[in-house]
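*Asks:* target_24.cif is the file, holding mmCIF, C-alpha atoms:
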```
data_start
loop_
_atom_site.label_atom_id
_atom_site.label_comp_id
_atom_site.auth_asym_id
_atom_site.auth_seq_id
_atom_site.Cartn_x
_atom_site.Cartn_y
_atom_site.Cartn_z
CA MET A 249 6.17 104.00 -33.73
CA ILE A 250 5.78 102.14 -30.44
CA ASN A 251 2.87 103.13 -28.26
CA GLU A 252 3.53 101.43 -24.96
CA THR A 253 0.51 102.89 -23.22
CA GLU A 254 -2.37 101.92 -25.50
CA ASN A 255 -3.80 98.43 -25.11
CA PRO A 256 -4.19 97.05 -28.65
CA TRP A 257 -6.47 94.23 -27.41
CA LYS A 258 -10.19 94.95 -27.17
CA THR A 259 -12.38 92.99 -24.76
CA THR A 260 -16.00 92.49 -25.83
CA ASN A 261 -17.16 90.13 -23.06
CA THR A 262 -15.81 88.74 -19.81
CA GLU A 263 -17.03 85.65 -17.98
CA CYS A 264 -15.71 84.08 -14.79
CA VAL A 265 -15.53 80.34 -15.52
CA TYR A 266 -13.93 79.12 -12.27
CA GLU A 267 -13.01 80.53 -8.90
CA SER A 268 -11.23 79.09 -5.88
CA ALA A 269 -9.68 80.65 -2.78
CA TRP A 270 -6.46 81.23 -4.76
CA ILE A 271 -7.34 81.77 -8.42
CA LYS A 272 -10.08 83.17 -10.63
CA VAL A 273 -10.21 81.96 -14.24
CA VAL A 274 -11.76 84.45 -16.65
CA LYS A 275 -12.72 83.78 -20.25
CA ASN A 276 -12.54 86.95 -22.31
CA ASP A 277 -13.98 87.42 -25.79
CA ILE A 278 -11.44 89.67 -27.45
CA ILE A 279 -10.45 91.37 -30.67
CA HIS A 280 -6.79 90.65 -31.43
CA PRO A 281 -4.46 93.54 -32.28
CA SER A 282 -4.79 92.21 -35.86
CA GLY A 283 -8.54 92.91 -35.80
CA ASN A 284 -9.67 89.28 -35.65
CA PRO A 285 -11.94 87.99 -32.88
CA GLY A 286 -10.80 85.33 -30.43
CA ILE A 287 -10.81 84.12 -26.84
CA TYR A 288 -8.20 85.01 -24.21
CA SER A 289 -8.46 83.09 -20.94
CA VAL A 290 -6.65 84.65 -18.01
CA VAL A 291 -5.85 83.06 -14.65
CA HIS A 292 -6.01 85.82 -12.03
CA PHE A 293 -4.10 85.14 -8.81
CA LYS A 294 -5.60 86.42 -5.56
CA ASN A 295 -2.26 86.44 -3.73
CA ILE A 296 1.20 87.81 -4.40
CA ALA A 297 3.90 85.13 -4.56
CA ILE A 298 6.65 85.87 -2.05
CA GLY A 299 10.11 84.32 -1.82
CA ILE A 300 12.65 85.02 0.92
CA LEU A 301 16.35 84.11 0.84
CA PRO A 302 17.80 84.35 4.38
CA LEU A 303 21.57 84.86 4.66
CA ASP A 304 23.47 84.70 7.94
CA ASP A 305 26.89 86.30 8.58
CA ASP A 306 28.66 83.14 7.32
CA TYR A 307 26.59 83.03 4.10
CA ASN A 308 24.46 80.09 5.18
CA THR A 309 20.88 79.98 4.02
CA TRP A 310 17.75 77.92 4.71
CA ILE A 311 15.72 76.00 2.17
CA VAL A 312 12.37 74.27 2.41
CA GLY A 313 11.54 70.87 0.94
CA GLN A 314 8.00 69.84 0.12
CA TYR A 315 6.02 67.71 -2.26
CA ARG A 316 4.45 70.07 -4.79
CA TYR A 317 1.03 68.72 -5.67
CA PRO A 318 0.68 70.43 -9.10
CA LEU A 319 4.02 68.97 -10.25
CA ASP A 320 3.60 65.58 -8.55
CA ALA A 321 7.23 66.00 -7.49
CA TYR A 322 9.38 66.93 -4.51
CA SER A 323 10.88 70.41 -4.63
CA TRP A 324 13.57 72.27 -2.64
CA GLU A 325 12.98 76.00 -2.54
CA ILE A 326 13.70 79.16 -0.63
CA PRO A 327 10.97 79.91 1.95
CA GLU A 328 7.88 80.99 0.01
CA GLY A 329 4.29 81.89 0.58
CA GLY A 330 1.37 83.98 -0.58
CA GLY A 331 0.57 87.51 0.51
CA LYS A 332 -2.84 89.12 0.27
CA LYS A 333 -2.94 92.13 -2.04
CA ASN A 334 -4.42 94.40 0.64
CA ILE A 335 -1.57 93.65 3.08
CA ASP A 336 1.91 95.18 2.83
CA THR A 337 3.96 92.49 1.08
CA ILE A 338 6.84 92.74 3.53
CA GLU A 339 4.47 92.00 6.43
CA SER A 340 3.26 88.85 4.67
CA ALA A 341 6.86 87.92 3.94
CA LYS A 342 7.84 88.30 7.61
CA ARG A 343 4.91 86.11 8.65
CA GLU A 344 5.70 83.40 6.07
CA LEU A 345 9.41 83.30 6.93
CA LEU A 346 8.69 82.99 10.64
CA GLU A 347 5.95 80.37 10.14
CA GLU A 348 7.99 78.17 7.84
CA THR A 349 11.48 78.48 9.31
CA GLY A 350 11.26 80.26 12.68
CA ILE A 351 13.55 82.99 11.34
CA LYS A 352 13.15 86.71 12.01
CA ALA A 353 15.35 89.28 10.29
CA THR A 354 16.01 92.95 10.88
CA THR A 355 17.35 93.72 7.37
CA TRP A 356 14.99 93.22 4.42
CA ILE A 357 16.22 93.89 0.88
CA LYS A 358 13.73 93.62 -1.99
CA ILE A 359 15.88 92.19 -4.79
CA GLN A 360 13.44 91.27 -7.55
CA GLU A 361 9.89 91.63 -8.79
CA MET A 362 8.58 89.28 -11.46
CA HIS A 363 5.50 88.39 -13.42
CA LEU A 364 5.73 84.62 -13.46
CA SER A 365 3.68 83.70 -16.53
CA ASN A 366 2.49 86.80 -18.31
CA SER A 367 0.98 85.15 -21.38
CA ALA A 368 -1.69 83.39 -19.29
CA THR A 369 -1.75 84.76 -15.73
CA ASP A 370 -1.31 88.00 -13.80
CA GLU A 371 0.69 86.33 -11.02
CA PHE A 372 3.15 88.74 -9.46
CA ALA A 373 6.10 87.73 -7.30
CA VAL A 374 8.37 89.65 -4.94
CA ILE A 375 11.69 88.28 -3.72
CA TYR A 376 13.65 89.44 -0.66
CA ILE A 377 17.07 88.77 0.76
CA VAL A 378 17.09 89.07 4.55
CA ARG A 379 20.07 89.55 6.86
CA ASN A 380 20.69 89.91 10.60
CA LEU A 381 18.74 86.81 11.54
CA SER A 382 17.39 85.52 14.83
CA PHE A 383 15.91 82.09 15.44
CA HIS A 384 12.53 81.31 16.97
CA GLU A 385 9.90 78.61 16.86
CA SER A 386 8.31 77.80 13.50
CA SER A 387 4.60 77.07 13.01
CA PRO A 388 3.95 75.71 9.52
CA GLU A 389 0.35 75.51 8.26
CA GLU A 390 -1.23 72.14 8.90
CA SER A 391 -1.80 71.60 5.16
CA GLU A 392 1.96 71.72 4.62
CA GLN A 393 4.52 69.01 5.29
CA LEU A 394 7.71 71.01 5.20
CA VAL A 395 11.33 70.09 5.81
CA VAL A 396 13.69 72.98 6.59
CA LYS A 397 17.41 72.58 5.89
CA LYS A 398 20.36 74.90 6.60
CA ILE A 399 22.94 74.90 3.80
CA CYS A 400 25.69 77.24 2.71
CA PHE A 401 24.70 79.60 -0.08
CA ASP A 402 27.31 78.29 -2.48
CA ASP A 403 25.89 74.77 -2.17
CA LEU A 404 22.46 76.18 -3.01
CA TYR A 405 23.97 78.00 -5.98
CA GLN A 406 25.45 74.71 -7.20
CA MET A 407 22.03 73.03 -6.86
CA VAL A 408 20.53 75.70 -9.11
CA LYS A 409 23.45 75.51 -11.53
CA LYS A 410 23.10 71.72 -11.84
CA GLY A 411 19.35 72.03 -12.47
CA GLU A 412 18.41 70.28 -9.22
CA ILE A 413 16.20 73.24 -8.35
CA THR A 414 13.62 74.44 -10.86
CA ASP A 415 11.31 76.66 -8.81
CA SER A 416 11.31 80.02 -10.59
CA LEU A 417 11.44 82.19 -7.45
CA THR A 418 14.35 80.17 -6.07
CA VAL A 419 16.23 80.25 -9.38
CA ALA A 420 15.84 84.03 -9.68
CA ALA A 421 16.69 84.66 -6.01
CA VAL A 422 19.84 82.55 -6.10
CA LEU A 423 21.13 83.91 -9.42
CA LYS A 424 20.47 87.48 -8.27
CA ALA A 425 22.13 86.92 -4.88
CA LYS A 426 25.19 85.39 -6.53
CA LEU A 427 25.50 88.41 -8.84
CA MET A 428 25.05 90.84 -5.93
CA MET A 429 27.87 89.04 -4.10
CA ALA A 430 30.07 89.21 -7.23
CA GLU A 431 29.31 92.92 -7.57
CA GLY A 432 30.07 93.63 -3.89
CA GLU A 433 26.46 94.43 -3.03
CA LEU A 434 26.04 91.67 -0.43
CA MET B 197 13.21 61.22 7.70
CA ILE B 198 12.54 62.83 4.32
CA ASN B 199 10.82 60.68 1.74
CA GLU B 200 11.18 62.64 -1.48
CA THR B 201 9.50 60.01 -3.63
CA GLU B 202 6.18 59.42 -1.89
CA ASN B 203 3.37 61.85 -2.63
CA PRO B 204 1.80 62.76 0.73
CA TRP B 205 -1.30 64.23 -0.97
CA LYS B 206 -4.18 61.87 -1.79
CA THR B 207 -6.60 62.69 -4.61
CA THR B 208 -10.14 61.39 -4.17
CA ASN B 209 -11.80 63.06 -7.17
CA THR B 210 -10.74 65.04 -10.22
CA GLU B 211 -12.95 67.28 -12.33
CA CYS B 212 -12.01 69.41 -15.35
CA VAL B 213 -13.71 72.77 -14.74
CA TYR B 214 -12.36 74.71 -17.74
CA GLU B 215 -10.35 74.04 -20.84
CA SER B 216 -8.98 76.26 -23.59
CA ALA B 217 -6.41 75.76 -26.32
CA TRP B 218 -3.66 76.64 -23.82
CA ILE B 219 -4.76 75.61 -20.34
CA LYS B 220 -6.86 73.00 -18.56
CA VAL B 221 -8.13 73.86 -15.08
CA VAL B 222 -8.71 70.84 -12.86
CA LYS B 223 -10.45 70.85 -9.47
CA ASN B 224 -9.15 68.03 -7.28
CA ASP B 225 -10.75 66.81 -4.08
CA ILE B 226 -7.77 65.95 -1.93
CA ILE B 227 -6.63 64.77 1.47
CA HIS B 228 -3.91 67.09 2.80
CA PRO B 229 -0.67 65.58 4.13
CA SER B 230 -2.17 66.47 7.53
CA GLY B 231 -5.09 64.09 6.90
CA ASN B 232 -7.75 66.77 6.42
CA PRO B 233 -9.87 66.97 3.26
CA GLY B 234 -9.72 69.95 0.93
CA ILE B 235 -9.70 71.17 -2.66
CA TYR B 236 -6.59 71.71 -4.79
CA SER B 237 -7.17 73.40 -8.13
CA VAL B 238 -4.38 73.00 -10.66
CA VAL B 239 -3.88 74.90 -13.91
CA HIS B 240 -2.31 72.50 -16.40
CA PHE B 241 -0.45 74.11 -19.28
CA LYS B 242 -0.62 72.43 -22.68
CA ASN B 243 2.59 74.02 -23.94
CA ILE B 244 6.14 74.41 -22.67
CA ALA B 245 7.21 78.03 -22.19
CA ILE B 246 10.35 78.77 -24.17
CA GLY B 247 12.68 81.76 -23.90
CA ILE B 248 15.67 82.43 -26.17
CA LEU B 249 18.44 84.95 -25.52
CA PRO B 250 20.40 85.57 -28.75
CA LEU B 251 23.95 86.89 -28.41
CA ASP B 252 26.06 88.05 -31.33
CA ASP B 253 29.87 88.25 -31.33
CA ASP B 254 29.75 91.80 -29.93
CA TYR B 255 27.37 90.81 -27.10
CA ASN B 256 24.34 92.45 -28.62
CA THR B 257 20.96 90.84 -28.08
CA TRP B 258 17.41 91.24 -29.35
CA ILE B 259 14.33 91.88 -27.25
CA VAL B 260 10.65 91.86 -28.10
CA GLY B 261 8.10 94.41 -26.92
CA GLN B 262 4.41 93.65 -26.74
CA TYR B 263 1.30 94.52 -24.81
CA ARG B 264 0.62 91.59 -22.46
CA TYR B 265 -3.13 91.16 -22.21
CA PRO B 266 -3.18 89.35 -18.82
CA LEU B 267 -1.15 92.15 -17.20
CA ASP B 268 -2.80 95.01 -19.09
CA ALA B 269 0.72 96.36 -19.52
CA TYR B 270 3.49 96.67 -22.07
CA SER B 271 6.41 94.29 -21.57
CA TRP B 272 9.93 94.00 -23.01
CA GLU B 273 11.20 90.41 -23.06
CA ILE B 274 13.59 88.02 -24.70
CA PRO B 275 11.99 86.21 -27.66
CA GLU B 276 9.49 83.73 -26.21
CA GLY B 277 6.88 81.28 -27.31
CA GLY B 278 5.12 78.04 -26.56
CA GLY B 279 6.25 74.59 -27.63
CA LYS B 280 3.99 71.57 -27.89
CA LYS B 281 4.94 68.77 -25.50
CA ASN B 282 5.14 66.19 -28.30
CA ILE B 283 7.66 68.26 -30.27
CA ASP B 284 11.36 68.51 -29.40
CA THR B 285 11.61 71.78 -27.44
CA ILE B 286 14.62 73.00 -29.37
CA GLU B 287 12.70 72.67 -32.65
CA SER B 288 9.88 74.82 -31.23
CA ALA B 289 12.47 77.28 -29.97
CA LYS B 290 14.09 77.56 -33.41
CA ARG B 291 10.70 78.17 -35.01
CA GLU B 292 9.70 80.84 -32.44
CA LEU B 293 13.02 82.69 -32.68
CA LEU B 294 12.85 82.78 -36.48
CA GLU B 295 9.18 83.79 -36.54
CA GLU B 296 9.54 86.60 -34.02
CA THR B 297 12.96 88.02 -34.89
CA GLY B 298 14.14 86.48 -38.17
CA ILE B 299 17.18 85.07 -36.37
CA LYS B 300 18.70 81.62 -36.95
CA ALA B 301 21.52 80.31 -34.78
CA THR B 302 23.91 77.39 -35.12
CA THR B 303 24.86 77.18 -31.42
CA TRP B 304 22.09 76.41 -28.90
CA ILE B 305 22.89 76.24 -25.18
CA LYS B 306 20.12 75.21 -22.78
CA ILE B 307 20.86 77.35 -19.71
CA GLN B 308 17.87 76.92 -17.43
CA GLU B 309 14.75 74.89 -16.77
CA MET B 310 12.08 76.27 -14.45
CA HIS B 311 8.66 75.53 -13.05
CA LEU B 312 7.11 78.97 -13.13
CA SER B 313 4.40 78.72 -10.47
CA ASN B 314 4.51 75.33 -8.78
CA SER B 315 1.92 75.97 -6.08
CA ALA B 316 -0.88 76.38 -8.64
CA THR B 317 0.29 75.28 -12.09
CA ASP B 318 2.50 72.70 -13.79
CA GLU B 319 3.91 75.21 -16.27
CA PHE B 320 7.43 74.29 -17.31
CA ALA B 321 9.89 76.63 -19.00
CA VAL B 322 13.13 76.12 -20.89
CA ILE B 323 15.60 78.91 -21.61
CA TYR B 324 18.34 78.93 -24.26
CA ILE B 325 21.23 81.17 -25.14
CA VAL B 326 22.00 81.07 -28.84
CA ARG B 327 25.20 82.13 -30.62
CA ASN B 328 26.52 82.25 -34.20
CA LEU B 329 23.52 84.11 -35.56
CA SER B 330 22.29 84.76 -39.07
CA PHE B 331 19.50 87.13 -40.06
CA HIS B 332 16.45 86.31 -42.15
CA GLU B 333 12.87 87.46 -42.59
CA SER B 334 10.58 87.30 -39.56
CA SER B 335 6.93 86.21 -39.73
CA PRO B 336 5.16 86.97 -36.44
CA GLU B 337 1.74 85.43 -35.80
CA GLU B 338 -1.12 87.68 -36.83
CA SER B 339 -2.45 87.73 -33.27
CA GLU B 340 0.78 89.38 -32.10
CA GLN B 341 1.85 92.98 -32.43
CA LEU B 342 5.53 92.69 -31.75
CA VAL B 343 8.35 95.21 -31.79
CA VAL B 344 11.88 93.79 -32.06
CA LYS B 345 14.82 95.85 -30.80
CA LYS B 346 18.57 95.21 -30.90
CA ILE B 347 20.36 96.28 -27.72
CA CYS B 348 23.68 95.46 -26.11
CA PHE B 349 23.46 92.80 -23.42
CA ASP B 350 24.72 95.07 -20.67
CA ASP B 351 21.89 97.53 -21.36
CA LEU B 352 19.43 94.65 -21.03
CA TYR B 353 21.11 93.61 -17.78
CA GLN B 354 20.66 97.17 -16.47
CA MET B 355 16.95 97.09 -17.44
CA VAL B 356 16.54 93.92 -15.36
CA LYS B 357 18.58 95.36 -12.51
CA LYS B 358 16.46 98.53 -12.43
CA GLY B 359 13.26 96.49 -12.39
CA GLU B 360 12.15 97.74 -15.81
CA ILE B 361 11.75 94.11 -16.92
CA THR B 362 9.66 91.75 -14.82
CA ASP B 363 9.00 88.78 -17.12
CA SER B 364 10.29 85.74 -15.23
CA LEU B 365 11.92 84.03 -18.21
CA THR B 366 13.74 87.21 -19.19
CA VAL B 367 14.87 87.89 -15.62
CA ALA B 368 16.25 84.36 -15.23
CA ALA B 369 17.88 84.34 -18.68
CA VAL B 370 19.62 87.67 -18.18
CA LEU B 371 20.84 86.93 -14.63
CA LYS B 372 22.11 83.52 -15.72
CA ALA B 373 23.84 84.91 -18.82
CA LYS B 374 25.52 87.64 -16.76
CA LEU B 375 26.82 85.02 -14.31
CA MET B 376 28.03 82.80 -17.15
CA MET B 377 29.95 85.76 -18.56
CA ALA B 378 31.42 86.51 -15.12
CA GLU B 379 32.45 82.87 -14.75
CA GLY B 380 34.03 82.73 -18.23
CA GLU B 381 31.40 80.40 -19.65
CA LEU B 382 30.19 82.74 -22.38
#
```
Re-express the file's structure as structure tokens.
*Replies:*
Amino acid sequence: MINETENPWKTTNTECVYESAWIKVVKNDIIHPSGNPGIYSVVHFKNIAIGILPLDDDYNTWIVGQYRYPLDAYSWEIPEGGGKKNIDTIESAKRELLEETGIKATTWIKIQEMHLSNSATDEFAVIYIVRNLSFHESSPEESEQLVVKKICFDDLYQMVKKGEITDSLTVAAVLKAKLMMAEGEL
Amino acid sequence: MINETENPWKTTNTECVYESAWIKVVKNDIIHPSGNPGIYSVVHFKNIAIGILPLDDDYNTWIVGQYRYPLDAYSWEIPEGGGKKNIDTIESAKRELLEETGIKATTWIKIQEMHLSNSATDEFAVIYIVRNLSFHESSPEESEQLVVKKICFDDLYQMVKKGEITDSLTVAAVLKAKLMMAEGEL
């Protein structure tokens, strides 16, 4: 019998072991579902991860290139950013898209929600496709060194298919958009 | 001019602030690409995240239900596990699939690689589709309380489409498999 509502893990102590502006690392003393004691460390994320795939009438899109410090590698991705949990996610998404690419959109379609790494973190991501675009001035954060590139969606799909793009939000957004196009939903 | 090989971030000091069996949290003093100093905390993952989507000849698959401690929520997912970086990922995948579901497969297709959260972690994930299945005894780890369920792939696709499944590896695996089927690759 599956009980999907009862948490089979018991927490006997909780200690914050590290905190930054973006994450809080908590070490929990726990009792496993099996009854044995153990430790479960959880990385709590303070922001919601947001990804936005813009699509114009000719099925062009815009991607952002940047050097990702945690990977020590360059990465091409859909426009992404973090949204505070006490702010409507779509408002954060509009701000990020405009800041990074200068794009505004009048049609916002939430296409996917994901938990990115649910064995170790509580990070939550929301992905949008946006249509009916207009173009304005961008204003990237000074900590970022971003390159914005316009490409047709099918070229982006091929980049994902060939494994040239590995960012999870971009992979999910592109696969989902391609399926929506195949199913006549875009 | 885009230089995709040069790291524009400079690291001036590195300190390990927390370590467990699964993660190592490192606080880096850095110089932003803009030239300003700052702190960049990175969560290093000791294991590779592995997801496996089994498909039998009738396009049935197997999913695993468990209570995910970091989310404080129940989650249905493809069979998943962690692989040590010094072990061939496919060997870890074979072990995890057999342990969790009792399934062995003779055909292994690597369908996707992803970095799950590249602004804060270096976690890397590999996803397989496996075919030509045989069924044996499972032996889940004692810390896990897993429920394994056989369902047809299209029902799983509908669960993803409706947002009932949010695990990033499962979302990517199912979207990719559906596209491969649509494109005659599966």
*Asks:* If you apply the PyMOL selection byres ((chain A) within 6 of (chain B)) to this file, what residues do you get, as a list of chain:residue names?
*Replies:*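 Here the PyMOL selection byres ((chain A) within 6 of (chain B)) matches A:Glu252, A:His280, A:Ser282, A:Val290, A:Pro318, A:Leu319, A:Tyr322, A:Met362, A:His363, A:Leu364, A:Thr369, A:Asp370, A:Glu390, A:Ser391, A:Thr414, A:Asp415, A:Ser416, A:Ala420.
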*Asks:* Apply the PyMOL selection byres ((chain A and resi 348) around 7) to the structure shown and report the selected residues as a VMD selection string.
*Replies:* chain A and resid 327 344 to 347 349 to 350 386 to 388
*Asks:* Using the chain letters and numbering of this document, enumerate as a PyMOL selection string the residues selected by the PyMOL selection byres ((chain B and resi 348) around 9).
*Replies:* chain B and resi 251+254-258+346-347+349-353
*Asks:* Give me, please, the distance in Å between CA of Leu381 (chain A) and CA of Thr355 (chain A), quoted to one decimal.
*Replies:*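 Interatomic distance, CA of Leu381 (chain A) to CA of Thr355 (chain A): 8.2 Å.
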*Asks:* Please compute the CA of Ile296 (chain A)-CA of Tyr376 (chain A) distance, one decimal, in Å.
*Replies:*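 These atoms are spaced 13.1 Å apart.
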*Asks:* What does the structure give for the distance between CA of Gln406 (chain A) and CA of Ile325 (chain B), in Å to one decimal?
*Replies:* 19.5 Å
